[in-house]
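Please read the structure below before turning to the comments.
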Amino acid sequence: MYIRVKEKPNGKKSIQIVQTEQTPNGPRQKILRHVGLAANEREVAEMKRLATKIKIDLECEANPVLPGLDRYDGHAAVAQADLEVHVQDLKETSRINDGFVEVFGKIYDDLKFNALLDDGGNVNEVLKACVLARLFEPGSKLATSQLLKEQFGADISEDRIYRMMDKVANQVEGIKDSIRHTTLAILDQTVEVAFFDVTTLYFESFSKDELRNFGFSKDCKFAQTQVVLALITTTQGLPLGYELFPGNTSEASTLIPVIKQIKEKFDVTKLCLVADRGMFNQDNLNQLQSLGVTFVVAAKLKALPQTLRSKILAAGDSFKPAVVNRDFCWIADFPKFRDNRRFIVTYSSKRAKKDESDRQKLLERLFKKASKDKKITVKKLISNAGTKKFISTPTNANSTIDDQKVLRDAEMDGLHGIATNDEAASAQSLLEKYRGLWTIEDAFRVNKHNLQMRPIFHWKPERIKAHIAICFIAYSLLKIAYYKINQTTKLSIEEIRHQLRLAQSSVVVDLASGNTFLLPSNQTSQQASIYEALGLKRQQRPKLIKR
């Protein structure tokens, strides 16, 4: 590979990066890059400097991204005498992480992502390296580049990462398909219950576009733009898919598009979908019914017509004692309660205390802004559903704390309901399914905190989509590893990451002979359990890697 300056008929000079290739007809020169045209010697010098930088990147792309994966395997056995060393001649030249490469790298390979991106230059290896880096320690693309060099011995420039992201943006659907197939394979193609929920991911940006926009922020970042992320998982937290929506999309309007896309991929008629009350509206429930999806969705009891509220409050004898997920509660079953749908209502004294406490906190905030006659200047109020809950607004200037609204709210303390189209299952089993919704909330916590999916610092839609896709791959590897490991050993996600960070190897050179050895760190019992759960065996003895 070299830089060629070729003069054109018009007197200008073309600066090119060229590589010689052997063909059946002899060597030929292949132009890898046209850097540009120069009109004078000063421009030639500038173009050559730029070409030199591009050439270095191209040469890096032609070499393995994670040399630790390649240079340490396949070495022939050598005579014992050749391996004799003296301690005083040994020097550690670097230390690399094995755990993340071996454990998460295996799951990545099982997902068949090694050929995901149709391009040369080891772009697939760049993607793999960036996914492993996000699992190890999430950071900016510059921080990722530095981390890969320090922890994995991989020299990947920031520019190469961005070039890889531009290609990932076009393969998002393929990524989701591969992950979903793996999830179904792990569960023997049987998914009986799926959880759906929505969150928001904010930007350190105040400029909106087709994707970034202002909307209701679940992180209370109302001044920043955001995107809306809808996620669907199994009861084990294994991912089935996700969709990205503009930041001003209401969460209720995300449900049906995601279910329709999932339905195109596998049979959802055997699936029970569980979602929170943000998805509870008649249009959503009707469409789920028409799609043949069984659903369990939290019901907005306080928004029910007064006749239905009264029916619940008058059903004292219908409430029966039960234990749901180790919590004692009272359950009442209302078949064909509203729109011919079954409602299941629970009462819990623990929830009643929380409802009362939440109401008192809100009232205390309102009373601080109110005069003695309970009137509040409208301008003093923050306009949201919680603020409006207990006030009436007779004029544009003043609001009044409404005692009737407070009493009406208190009537429902401790009550919670779900709506379902499943007429056969027991009320207790359906409630247990709903209680498992914490799984998807935990998925959002892992993505937002452990993998630092947000804040997002990209602004191009393609880069935003690529960033979310990379985080989704990382989350998938993490949950698949967690699921398999916890079949035999109970370890948290953070403990798994901690143990794999400790799985390192020292690269040691013998100054006398020039031989280079790989010395693995001592394996802990937890590491052994992790490797065994995934059918792996960690190298325990020193190994010659270079003579």
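Letters A, B, ... mark the chains of the structure tokens in the order given; residue numbers begin at 1 per chain; ligand numbers begin at 1, in order shown.
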Considering only C-alpha atoms, return as an NGL selection string whatever protein or nucleic-acid residues lie within 7 Å of Ala38 in chain A, sequence-local ones (same chain, fewer than 6 positions apart) excluded.
-> :A and (12-14 or 44)
Grab the residues selected above and save them as a PDB file, in the first residue's frame with C-alpha atoms.
```
ATOM      1  CA  LYS A  12      -3.362  18.984 -12.046  1.00  0.00           C
ATOM      2  CA  LYS A  13      -2.073  16.128  -9.890  1.00  0.00           C
ATOM      3  CA  SER A  14      -4.205  13.314  -8.519  1.00  0.00           C
ATOM      4  CA  VAL A  44       0.151  18.338  -3.185  1.00  0.00           C
TER       5      VAL A  44
END
```
Any chance you could tabulate, as JSON lines, the residues of range 165-232 of chain A at most 7 Å from range 246-259 of chain A with each one's nearest atom pair and distance in Å to one decimal, using only C-alpha atoms, in chain and rising number order?
```
{"residue": "A:Val198", "atom": "CA", "partner": "A:Glu251", "partner_atom": "CA", "distance": 6.3}
{"residue": "A:Glu210", "atom": "CA", "partner": "A:Pro246", "partner_atom": "CA", "distance": 6.8}
{"residue": "A:Leu211", "atom": "CA", "partner": "A:Pro246", "partner_atom": "CA", "distance": 4.4}
{"residue": "A:Arg212", "atom": "CA", "partner": "A:Gly247", "partner_atom": "CA", "distance": 5.5}
{"residue": "A:Asn213", "atom": "CA", "partner": "A:Gly247", "partner_atom": "CA", "distance": 4.4}
{"residue": "A:Phe214", "atom": "CA", "partner": "A:Asn248", "partner_atom": "CA", "distance": 5.5}
{"residue": "A:Gly215", "atom": "CA", "partner": "A:Asn248", "partner_atom": "CA", "distance": 4.4}
{"residue": "A:Thr225", "atom": "CA", "partner": "A:Gly247", "partner_atom": "CA", "distance": 6.9}
{"residue": "A:Gln226", "atom": "CA", "partner": "A:Gly247", "partner_atom": "CA", "distance": 4.7}
{"residue": "A:Val227", "atom": "CA", "partner": "A:Gly247", "partner_atom": "CA", "distance": 3.8}
{"residue": "A:Val228", "atom": "CA", "partner": "A:Gly247", "partner_atom": "CA", "distance": 5.2}
{"residue": "A:Ala230", "atom": "CA", "partner": "A:Thr254", "partner_atom": "CA", "distance": 6.8}
```
DSSP-assigned strand (DSSP E) members of range 134-378 of chain A, reported as a PyMOL selection string = chain A and resi 193-202+226-234+239-246+272-275+294-299+320-324+327-338+341-347+375-377
Based on the backbone DSSP call, show me all residues of range 430-536 of chain A assigned helix (DSSP H, G or I), as a PDB file with N, CA and C atoms, in the first residue's frame.
```pdb
ATOM      1  N   LEU A 430     -53.181 -14.408  36.709  1.00  0.00           N
ATOM      2  CA  LEU A 430     -53.072 -13.211  35.878  1.00  0.00           C
ATOM      3  C   LEU A 430     -52.400 -12.076  36.641  1.00  0.00           C
ATOM      4  N   LEU A 431     -52.707 -11.972  37.922  1.00  0.00           N
ATOM      5  CA  LEU A 431     -52.053 -10.950  38.746  1.00  0.00           C
ATOM      6  C   LEU A 431     -50.558 -11.233  38.897  1.00  0.00           C
ATOM      7  N   GLU A 432     -50.233 -12.517  39.010  1.00  0.00           N
ATOM      8  CA  GLU A 432     -48.813 -12.880  39.110  1.00  0.00           C
ATOM      9  C   GLU A 432     -48.064 -12.513  37.822  1.00  0.00           C
ATOM     10  N   LYS A 433     -48.735 -12.692  36.673  1.00  0.00           N
ATOM     11  CA  LYS A 433     -48.110 -12.278  35.419  1.00  0.00           C
ATOM     12  C   LYS A 433     -47.871 -10.775  35.416  1.00  0.00           C
ATOM     13  N   TYR A 434     -48.870 -10.034  35.860  1.00  0.00           N
ATOM     14  CA  TYR A 434     -48.715  -8.575  35.874  1.00  0.00           C
ATOM     15  C   TYR A 434     -47.602  -8.145  36.837  1.00  0.00           C
ATOM     16  N   ARG A 435     -47.509  -8.802  37.971  1.00  0.00           N
ATOM     17  CA  ARG A 435     -46.485  -8.431  38.949  1.00  0.00           C
ATOM     18  C   ARG A 435     -45.075  -8.636  38.396  1.00  0.00           C
ATOM     19  N   TRP A 438     -41.965  -5.902  36.619  1.00  0.00           N
ATOM     20  CA  TRP A 438     -40.730  -5.278  37.104  1.00  0.00           C
ATOM     21  C   TRP A 438     -39.529  -5.706  36.256  1.00  0.00           C
ATOM     22  N   THR A 439     -39.652  -6.849  35.567  1.00  0.00           N
ATOM     23  CA  THR A 439     -38.549  -7.360  34.751  1.00  0.00           C
ATOM     24  C   THR A 439     -38.151  -6.365  33.680  1.00  0.00           C
ATOM     25  N   ILE A 440     -39.156  -5.784  33.007  1.00  0.00           N
ATOM     26  CA  ILE A 440     -38.826  -4.842  31.940  1.00  0.00           C
ATOM     27  C   ILE A 440     -38.358  -3.506  32.513  1.00  0.00           C
ATOM     28  N   GLU A 441     -38.838  -3.152  33.690  1.00  0.00           N
ATOM     29  CA  GLU A 441     -38.322  -1.950  34.349  1.00  0.00           C
ATOM     30  C   GLU A 441     -36.845  -2.137  34.691  1.00  0.00           C
ATOM     31  N   ASP A 442     -36.502  -3.372  35.080  1.00  0.00           N
ATOM     32  CA  ASP A 442     -35.097  -3.681  35.343  1.00  0.00           C
ATOM     33  C   ASP A 442     -34.277  -3.619  34.050  1.00  0.00           C
ATOM     34  N   ALA A 443     -34.887  -4.020  32.928  1.00  0.00           N
ATOM     35  CA  ALA A 443     -34.198  -3.944  31.636  1.00  0.00           C
ATOM     36  C   ALA A 443     -33.847  -2.499  31.301  1.00  0.00           C
ATOM     37  N   PHE A 444     -34.775  -1.586  31.552  1.00  0.00           N
ATOM     38  CA  PHE A 444     -34.494  -0.170  31.307  1.00  0.00           C
ATOM     39  C   PHE A 444     -33.395   0.332  32.240  1.00  0.00           C
ATOM     40  N   ARG A 445     -33.418  -0.138  33.489  1.00  0.00           N
ATOM     41  CA  ARG A 445     -32.376   0.281  34.442  1.00  0.00           C
ATOM     42  C   ARG A 445     -31.000  -0.165  33.960  1.00  0.00           C
ATOM     43  N   VAL A 446     -30.907  -1.418  33.498  1.00  0.00           N
ATOM     44  CA  VAL A 446     -29.619  -1.928  32.999  1.00  0.00           C
ATOM     45  C   VAL A 446     -29.153  -1.120  31.795  1.00  0.00           C
ATOM     46  N   ASN A 447     -30.067  -0.841  30.865  1.00  0.00           N
ATOM     47  CA  ASN A 447     -29.697  -0.098  29.669  1.00  0.00           C
ATOM     48  C   ASN A 447     -29.298   1.342  29.988  1.00  0.00           C
ATOM     49  N   LYS A 448     -30.034   1.975  30.879  1.00  0.00           N
ATOM     50  CA  LYS A 448     -29.764   3.386  31.174  1.00  0.00           C
ATOM     51  C   LYS A 448     -28.550   3.584  32.077  1.00  0.00           C
ATOM     52  N   HIS A 449     -28.375   2.690  33.026  1.00  0.00           N
ATOM     53  CA  HIS A 449     -27.318   2.891  34.021  1.00  0.00           C
ATOM     54  C   HIS A 449     -26.092   2.014  33.760  1.00  0.00           C
ATOM     55  N   ASN A 450     -26.268   0.704  33.715  1.00  0.00           N
ATOM     56  CA  ASN A 450     -25.114  -0.179  33.507  1.00  0.00           C
ATOM     57  C   ASN A 450     -24.468   0.028  32.144  1.00  0.00           C
ATOM     58  N   PRO A 461     -29.627  11.072  12.702  1.00  0.00           N
ATOM     59  CA  PRO A 461     -30.538   9.940  12.948  1.00  0.00           C
ATOM     60  C   PRO A 461     -29.856   8.585  12.786  1.00  0.00           C
ATOM     61  N   GLU A 462     -28.966   8.449  11.766  1.00  0.00           N
ATOM     62  CA  GLU A 462     -28.289   7.162  11.549  1.00  0.00           C
ATOM     63  C   GLU A 462     -27.397   6.809  12.728  1.00  0.00           C
ATOM     64  N   ARG A 463     -26.694   7.792  13.267  1.00  0.00           N
ATOM     65  CA  ARG A 463     -25.805   7.533  14.407  1.00  0.00           C
ATOM     66  C   ARG A 463     -26.609   7.222  15.667  1.00  0.00           C
ATOM     67  N   ILE A 464     -27.739   7.892  15.825  1.00  0.00           N
ATOM     68  CA  ILE A 464     -28.605   7.623  16.985  1.00  0.00           C
ATOM     69  C   ILE A 464     -29.095   6.176  16.931  1.00  0.00           C
ATOM     70  N   LYS A 465     -29.572   5.768  15.752  1.00  0.00           N
ATOM     71  CA  LYS A 465     -30.070   4.391  15.590  1.00  0.00           C
ATOM     72  C   LYS A 465     -28.954   3.379  15.817  1.00  0.00           C
ATOM     73  N   ALA A 466     -27.754   3.695  15.336  1.00  0.00           N
ATOM     74  CA  ALA A 466     -26.624   2.780  15.522  1.00  0.00           C
ATOM     75  C   ALA A 466     -26.250   2.678  16.997  1.00  0.00           C
ATOM     76  N   HIS A 467     -26.256   3.806  17.702  1.00  0.00           N
ATOM     77  CA  HIS A 467     -25.926   3.802  19.137  1.00  0.00           C
ATOM     78  C   HIS A 467     -26.902   2.922  19.915  1.00  0.00           C
ATOM     79  N   ILE A 468     -28.205   3.066  19.636  1.00  0.00           N
ATOM     80  CA  ILE A 468     -29.214   2.255  20.323  1.00  0.00           C
ATOM     81  C   ILE A 468     -29.022   0.781  19.983  1.00  0.00           C
ATOM     82  N   ALA A 469     -28.710   0.490  18.707  1.00  0.00           N
ATOM     83  CA  ALA A 469     -28.519  -0.903  18.286  1.00  0.00           C
ATOM     84  C   ALA A 469     -27.324  -1.536  18.995  1.00  0.00           C
ATOM     85  N   ILE A 470     -26.221  -0.793  19.116  1.00  0.00           N
ATOM     86  CA  ILE A 470     -25.028  -1.312  19.807  1.00  0.00           C
ATOM     87  C   ILE A 470     -25.356  -1.591  21.269  1.00  0.00           C
ATOM     88  N   CYS A 471     -26.072  -0.670  21.909  1.00  0.00           N
ATOM     89  CA  CYS A 471     -26.475  -0.889  23.307  1.00  0.00           C
ATOM     90  C   CYS A 471     -27.402  -2.089  23.436  1.00  0.00           C
ATOM     91  N   PHE A 472     -28.278  -2.272  22.448  1.00  0.00           N
ATOM     92  CA  PHE A 472     -29.211  -3.397  22.474  1.00  0.00           C
ATOM     93  C   PHE A 472     -28.469  -4.722  22.328  1.00  0.00           C
ATOM     94  N   ILE A 473     -27.449  -4.749  21.474  1.00  0.00           N
ATOM     95  CA  ILE A 473     -26.629  -5.964  21.356  1.00  0.00           C
ATOM     96  C   ILE A 473     -25.945  -6.257  22.682  1.00  0.00           C
ATOM     97  N   ALA A 474     -25.364  -5.213  23.287  1.00  0.00           N
ATOM     98  CA  ALA A 474     -24.664  -5.388  24.567  1.00  0.00           C
ATOM     99  C   ALA A 474     -25.628  -5.900  25.640  1.00  0.00           C
ATOM    100  N   TYR A 475     -26.832  -5.311  25.687  1.00  0.00           N
ATOM    101  CA  TYR A 475     -27.829  -5.767  26.667  1.00  0.00           C
ATOM    102  C   TYR A 475     -28.192  -7.226  26.428  1.00  0.00           C
ATOM    103  N   SER A 476     -28.345  -7.591  25.162  1.00  0.00           N
ATOM    104  CA  SER A 476     -28.709  -8.972  24.827  1.00  0.00           C
ATOM    105  C   SER A 476     -27.642  -9.954  25.282  1.00  0.00           C
ATOM    106  N   LEU A 477     -26.376  -9.628  25.026  1.00  0.00           N
ATOM    107  CA  LEU A 477     -25.284 -10.499  25.469  1.00  0.00           C
ATOM    108  C   LEU A 477     -25.302 -10.646  26.986  1.00  0.00           C
ATOM    109  N   LEU A 478     -25.551  -9.532  27.661  1.00  0.00           N
ATOM    110  CA  LEU A 478     -25.549  -9.535  29.119  1.00  0.00           C
ATOM    111  C   LEU A 478     -26.683 -10.400  29.676  1.00  0.00           C
ATOM    112  N   LYS A 479     -27.882 -10.254  29.124  1.00  0.00           N
ATOM    113  CA  LYS A 479     -29.022 -11.014  29.632  1.00  0.00           C
ATOM    114  C   LYS A 479     -28.942 -12.493  29.266  1.00  0.00           C
ATOM    115  N   ILE A 480     -28.406 -12.797  28.073  1.00  0.00           N
ATOM    116  CA  ILE A 480     -28.245 -14.198  27.696  1.00  0.00           C
ATOM    117  C   ILE A 480     -27.230 -14.867  28.628  1.00  0.00           C
ATOM    118  N   ALA A 481     -26.108 -14.174  28.882  1.00  0.00           N
ATOM    119  CA  ALA A 481     -25.101 -14.717  29.806  1.00  0.00           C
ATOM    120  C   ALA A 481     -25.704 -14.898  31.199  1.00  0.00           C
ATOM    121  N   TYR A 482     -26.429 -13.880  31.664  1.00  0.00           N
ATOM    122  CA  TYR A 482     -27.054 -13.943  32.993  1.00  0.00           C
ATOM    123  C   TYR A 482     -28.011 -15.117  33.089  1.00  0.00           C
ATOM    124  N   TYR A 483     -28.832 -15.301  32.049  1.00  0.00           N
ATOM    125  CA  TYR A 483     -29.815 -16.393  32.050  1.00  0.00           C
ATOM    126  C   TYR A 483     -29.122 -17.750  32.122  1.00  0.00           C
ATOM    127  N   LYS A 484     -28.101 -17.959  31.297  1.00  0.00           N
ATOM    128  CA  LYS A 484     -27.430 -19.258  31.251  1.00  0.00           C
ATOM    129  C   LYS A 484     -26.636 -19.510  32.529  1.00  0.00           C
ATOM    130  N   ILE A 485     -25.956 -18.498  33.019  1.00  0.00           N
ATOM    131  CA  ILE A 485     -25.129 -18.669  34.226  1.00  0.00           C
ATOM    132  C   ILE A 485     -26.005 -18.982  35.431  1.00  0.00           C
ATOM    133  N   ILE A 493     -25.820  -9.425  37.665  1.00  0.00           N
ATOM    134  CA  ILE A 493     -25.183  -8.897  36.464  1.00  0.00           C
ATOM    135  C   ILE A 493     -23.870  -8.200  36.815  1.00  0.00           C
ATOM    136  N   GLU A 494     -23.885  -7.420  37.866  1.00  0.00           N
ATOM    137  CA  GLU A 494     -22.661  -6.692  38.243  1.00  0.00           C
ATOM    138  C   GLU A 494     -21.570  -7.638  38.724  1.00  0.00           C
ATOM    139  N   GLU A 495     -21.964  -8.724  39.394  1.00  0.00           N
ATOM    140  CA  GLU A 495     -20.959  -9.689  39.844  1.00  0.00           C
ATOM    141  C   GLU A 495     -20.340 -10.417  38.654  1.00  0.00           C
ATOM    142  N   ILE A 496     -21.159 -10.717  37.644  1.00  0.00           N
ATOM    143  CA  ILE A 496     -20.631 -11.353  36.432  1.00  0.00           C
ATOM    144  C   ILE A 496     -19.619 -10.433  35.765  1.00  0.00           C
ATOM    145  N   ARG A 497     -19.967  -9.170  35.614  1.00  0.00           N
ATOM    146  CA  ARG A 497     -19.042  -8.213  34.991  1.00  0.00           C
ATOM    147  C   ARG A 497     -17.774  -8.052  35.815  1.00  0.00           C
ATOM    148  N   HIS A 498     -17.928  -8.012  37.132  1.00  0.00           N
ATOM    149  CA  HIS A 498     -16.765  -7.855  38.007  1.00  0.00           C
ATOM    150  C   HIS A 498     -15.807  -9.034  37.868  1.00  0.00           C
ATOM    151  N   GLN A 499     -16.361 -10.239  37.882  1.00  0.00           N
ATOM    152  CA  GLN A 499     -15.511 -11.428  37.784  1.00  0.00           C
ATOM    153  C   GLN A 499     -14.799 -11.492  36.438  1.00  0.00           C
ATOM    154  N   LEU A 500     -15.497 -11.105  35.368  1.00  0.00           N
ATOM    155  CA  LEU A 500     -14.871 -11.156  34.043  1.00  0.00           C
ATOM    156  C   LEU A 500     -13.835 -10.051  33.864  1.00  0.00           C
ATOM    157  N   ARG A 501     -13.986  -8.949  34.572  1.00  0.00           N
ATOM    158  CA  ARG A 501     -12.937  -7.912  34.530  1.00  0.00           C
ATOM    159  C   ARG A 501     -11.642  -8.435  35.140  1.00  0.00           C
ATOM    160  N   LEU A 502     -11.781  -9.330  36.125  1.00  0.00           N
ATOM    161  CA  LEU A 502     -10.594  -9.866  36.804  1.00  0.00           C
ATOM    162  C   LEU A 502      -9.906 -10.964  35.996  1.00  0.00           C
ATOM    163  N   SER A 525     -13.365 -19.207  41.758  1.00  0.00           N
ATOM    164  CA  SER A 525     -14.425 -20.215  41.652  1.00  0.00           C
ATOM    165  C   SER A 525     -15.625 -19.669  40.879  1.00  0.00           C
ATOM    166  N   GLN A 526     -15.915 -18.362  41.064  1.00  0.00           N
ATOM    167  CA  GLN A 526     -17.025 -17.757  40.321  1.00  0.00           C
ATOM    168  C   GLN A 526     -16.724 -17.724  38.826  1.00  0.00           C
ATOM    169  N   GLN A 527     -15.480 -17.406  38.473  1.00  0.00           N
ATOM    170  CA  GLN A 527     -15.104 -17.405  37.062  1.00  0.00           C
ATOM    171  C   GLN A 527     -15.243 -18.803  36.457  1.00  0.00           C
ATOM    172  N   ALA A 528     -14.819 -19.794  37.208  1.00  0.00           N
ATOM    173  CA  ALA A 528     -14.937 -21.176  36.722  1.00  0.00           C
ATOM    174  C   ALA A 528     -16.398 -21.535  36.463  1.00  0.00           C
ATOM    175  N   SER A 529     -17.303 -21.077  37.358  1.00  0.00           N
ATOM    176  CA  SER A 529     -18.731 -21.354  37.183  1.00  0.00           C
ATOM    177  C   SER A 529     -19.280 -20.657  35.949  1.00  0.00           C
ATOM    178  N   ILE A 530     -18.833 -19.429  35.708  1.00  0.00           N
ATOM    179  CA  ILE A 530     -19.289 -18.662  34.538  1.00  0.00           C
ATOM    180  C   ILE A 530     -18.870 -19.375  33.253  1.00  0.00           C
ATOM    181  N   TYR A 531     -17.603 -19.753  33.191  1.00  0.00           N
ATOM    182  CA  TYR A 531     -17.085 -20.425  31.993  1.00  0.00           C
ATOM    183  C   TYR A 531     -17.789 -21.771  31.768  1.00  0.00           C
ATOM    184  N   GLU A 532     -17.983 -22.502  32.841  1.00  0.00           N
ATOM    185  CA  GLU A 532     -18.609 -23.822  32.722  1.00  0.00           C
ATOM    186  C   GLU A 532     -20.052 -23.698  32.232  1.00  0.00           C
ATOM    187  N   ALA A 533     -20.784 -22.680  32.726  1.00  0.00           N
ATOM    188  CA  ALA A 533     -22.180 -22.501  32.325  1.00  0.00           C
ATOM    189  C   ALA A 533     -22.314 -22.239  30.835  1.00  0.00           C
TER     190      ALA A 533
END
```
Nearest to Lys460 in chain A by atom-to-atom distance, counting only C-alpha atoms, from A:Ser310, A:Ser349, A:Ser207, A:Ser217 |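 Ranked by minimum distance to Lys460 in chain A, first place goes to A:Ser207.
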Fewer than 3 positions away in the same chain doesn't count, so skip those; otherwise give me all residues within 12 Å of His86 in chain A, counting only C-alpha atoms, as a PyMOL selection string.
-> chain A and resi 83+89-91+509-513+515
Please produce an output containing N, CA and C atoms for each residue in the selection, written as a PDB file, in the first residue's frame.
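Saved result, result.pdb, follows:
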```
ATOM      1  N   LEU A  83      11.787 -23.355  26.252  1.00  0.00           N
ATOM      2  CA  LEU A  83      10.938 -22.544  27.117  1.00  0.00           C
ATOM      3  C   LEU A  83      11.599 -22.218  28.457  1.00  0.00           C
ATOM      4  N   ASP A  89      14.985 -12.255  33.742  1.00  0.00           N
ATOM      5  CA  ASP A  89      14.922 -11.848  32.341  1.00  0.00           C
ATOM      6  C   ASP A  89      13.495 -11.551  31.876  1.00  0.00           C
ATOM      7  N   LEU A  90      12.513 -11.755  32.761  1.00  0.00           N
ATOM      8  CA  LEU A  90      11.122 -11.576  32.361  1.00  0.00           C
ATOM      9  C   LEU A  90      10.640 -10.140  32.576  1.00  0.00           C
ATOM     10  N   LYS A  91       9.871  -9.653  31.622  1.00  0.00           N
ATOM     11  CA  LYS A  91       9.318  -8.310  31.722  1.00  0.00           C
ATOM     12  C   LYS A  91       7.897  -8.314  31.171  1.00  0.00           C
ATOM     13  N   VAL A 509       7.610 -10.857  28.089  1.00  0.00           N
ATOM     14  CA  VAL A 509       8.695 -11.149  27.155  1.00  0.00           C
ATOM     15  C   VAL A 509       9.929 -11.620  27.933  1.00  0.00           C
ATOM     16  N   ASP A 510      10.597 -12.621  27.380  1.00  0.00           N
ATOM     17  CA  ASP A 510      11.867 -13.097  27.934  1.00  0.00           C
ATOM     18  C   ASP A 510      12.972 -12.302  27.241  1.00  0.00           C
ATOM     19  N   LEU A 511      13.598 -11.388  27.969  1.00  0.00           N
ATOM     20  CA  LEU A 511      14.588 -10.494  27.367  1.00  0.00           C
ATOM     21  C   LEU A 511      15.789 -11.248  26.825  1.00  0.00           C
ATOM     22  N   ALA A 512      16.066 -12.433  27.383  1.00  0.00           N
ATOM     23  CA  ALA A 512      17.237 -13.194  26.936  1.00  0.00           C
ATOM     24  C   ALA A 512      16.989 -13.872  25.595  1.00  0.00           C
ATOM     25  N   SER A 513      15.813 -14.519  25.449  1.00  0.00           N
ATOM     26  CA  SER A 513      15.532 -15.279  24.225  1.00  0.00           C
ATOM     27  C   SER A 513      14.659 -14.532  23.230  1.00  0.00           C
ATOM     28  N   ASN A 515      11.488 -14.633  23.414  1.00  0.00           N
ATOM     29  CA  ASN A 515      10.197 -15.310  23.418  1.00  0.00           C
ATOM     30  C   ASN A 515       9.163 -14.494  24.197  1.00  0.00           C
TER      31      ASN A 515
END
```
Measure the distance from CA of Ser205 in chain A to CA of Lys128 in chain A in Å and round it to one decimal.
->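 Calculated distance between CA of Ser205 in chain A and CA of Lys128 in chain A is 28.5 Å.
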Give me the residues of range 376-475 of chain A that have any atom at most 9 Å from an atom of range 269-286 of chain A; for each, the nearest atom pair and the distance in Å, rounded to one decimal. Use only C-alpha atoms, sort by chain and number, and format it as JSON lines.
```
{"residue": "A:Ile418", "atom": "CA", "partner": "A:Arg277", "partner_atom": "CA", "distance": 8.5}
{"residue": "A:Ala419", "atom": "CA", "partner": "A:Phe280", "partner_atom": "CA", "distance": 8.5}
{"residue": "A:Thr420", "atom": "CA", "partner": "A:Leu285", "partner_atom": "CA", "distance": 8.9}
{"residue": "A:Asn421", "atom": "CA", "partner": "A:Leu285", "partner_atom": "CA", "distance": 8.8}
{"residue": "A:Asp422", "atom": "CA", "partner": "A:Cys272", "partner_atom": "CA", "distance": 8.9}
{"residue": "A:Lys433", "atom": "CA", "partner": "A:Val274", "partner_atom": "CA", "distance": 7.2}
{"residue": "A:Tyr434", "atom": "CA", "partner": "A:Val274", "partner_atom": "CA", "distance": 6.1}
{"residue": "A:Gly436", "atom": "CA", "partner": "A:Val274", "partner_atom": "CA", "distance": 8.6}
{"residue": "A:Leu437", "atom": "CA", "partner": "A:Val274", "partner_atom": "CA", "distance": 7.1}
```
Next, the residues of the selection above should be written as a compact mmCIF listing (two decimals), in the first residue's frame with C-alpha atoms.
```txt
# COMPACT_ATOMS: atom_id res chain seq x y z
CA ILE A 418 -55.99 -5.05 35.60
CA ALA A 419 -58.04 -5.53 32.44
CA THR A 420 -57.77 -8.74 30.44
CA ASN A 421 -59.40 -10.66 27.63
CA ASP A 422 -58.39 -13.99 29.21
CA LYS A 433 -48.11 -12.28 35.42
CA TYR A 434 -48.71 -8.58 35.87
CA GLY A 436 -43.62 -9.69 36.78
CA LEU A 437 -43.63 -6.38 34.91
```
Please provide the set of residues having any atom within 7 Å of Thr346 in chain A, restricted to only C-alpha atoms, with same-chain residues fewer than 3 positions apart removed, written as a list of chain:residue names.
->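 Selected residues are A:Cys329, A:Trp330, A:Ile331, A:Ala332, A:Leu415, A:His416, A:Gly417.
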Keeping only N, CA and C atoms, write those residues as an mmCIF file, in the first residue's frame.
```cif
data_model
loop_
_atom_site.group_PDB
_atom_site.id
_atom_site.type_symbol
_atom_site.label_atom_id
_atom_site.label_comp_id
_atom_site.auth_asym_id
_atom_site.auth_seq_id
_atom_site.Cartn_x
_atom_site.Cartn_y
_atom_site.Cartn_z
ATOM 1 N N CYS A 329 -53.190 -9.866 49.823
ATOM 2 C CA CYS A 329 -54.112 -8.862 49.305
ATOM 3 C C CYS A 329 -55.518 -9.459 49.230
ATOM 4 N N TRP A 330 -56.485 -8.623 48.886
ATOM 5 C CA TRP A 330 -57.856 -9.059 48.670
ATOM 6 C C TRP A 330 -58.166 -8.915 47.189
ATOM 7 N N ILE A 331 -58.817 -9.940 46.610
ATOM 8 C CA ILE A 331 -59.050 -9.963 45.166
ATOM 9 C C ILE A 331 -60.539 -10.060 44.870
ATOM 10 N N ALA A 332 -61.005 -9.233 43.917
ATOM 11 C CA ALA A 332 -62.382 -9.324 43.413
ATOM 12 C C ALA A 332 -62.326 -9.445 41.895
ATOM 13 N N LEU A 415 -56.545 0.336 46.114
ATOM 14 C CA LEU A 415 -57.125 -0.453 45.029
ATOM 15 C C LEU A 415 -56.265 -0.380 43.769
ATOM 16 N N HIS A 416 -56.132 -1.513 43.118
ATOM 17 C CA HIS A 416 -55.400 -1.572 41.850
ATOM 18 C C HIS A 416 -56.095 -2.596 40.966
ATOM 19 N N GLY A 417 -56.153 -2.321 39.658
ATOM 20 C CA GLY A 417 -56.873 -3.233 38.785
ATOM 21 C C GLY A 417 -56.138 -3.554 37.506
#
```
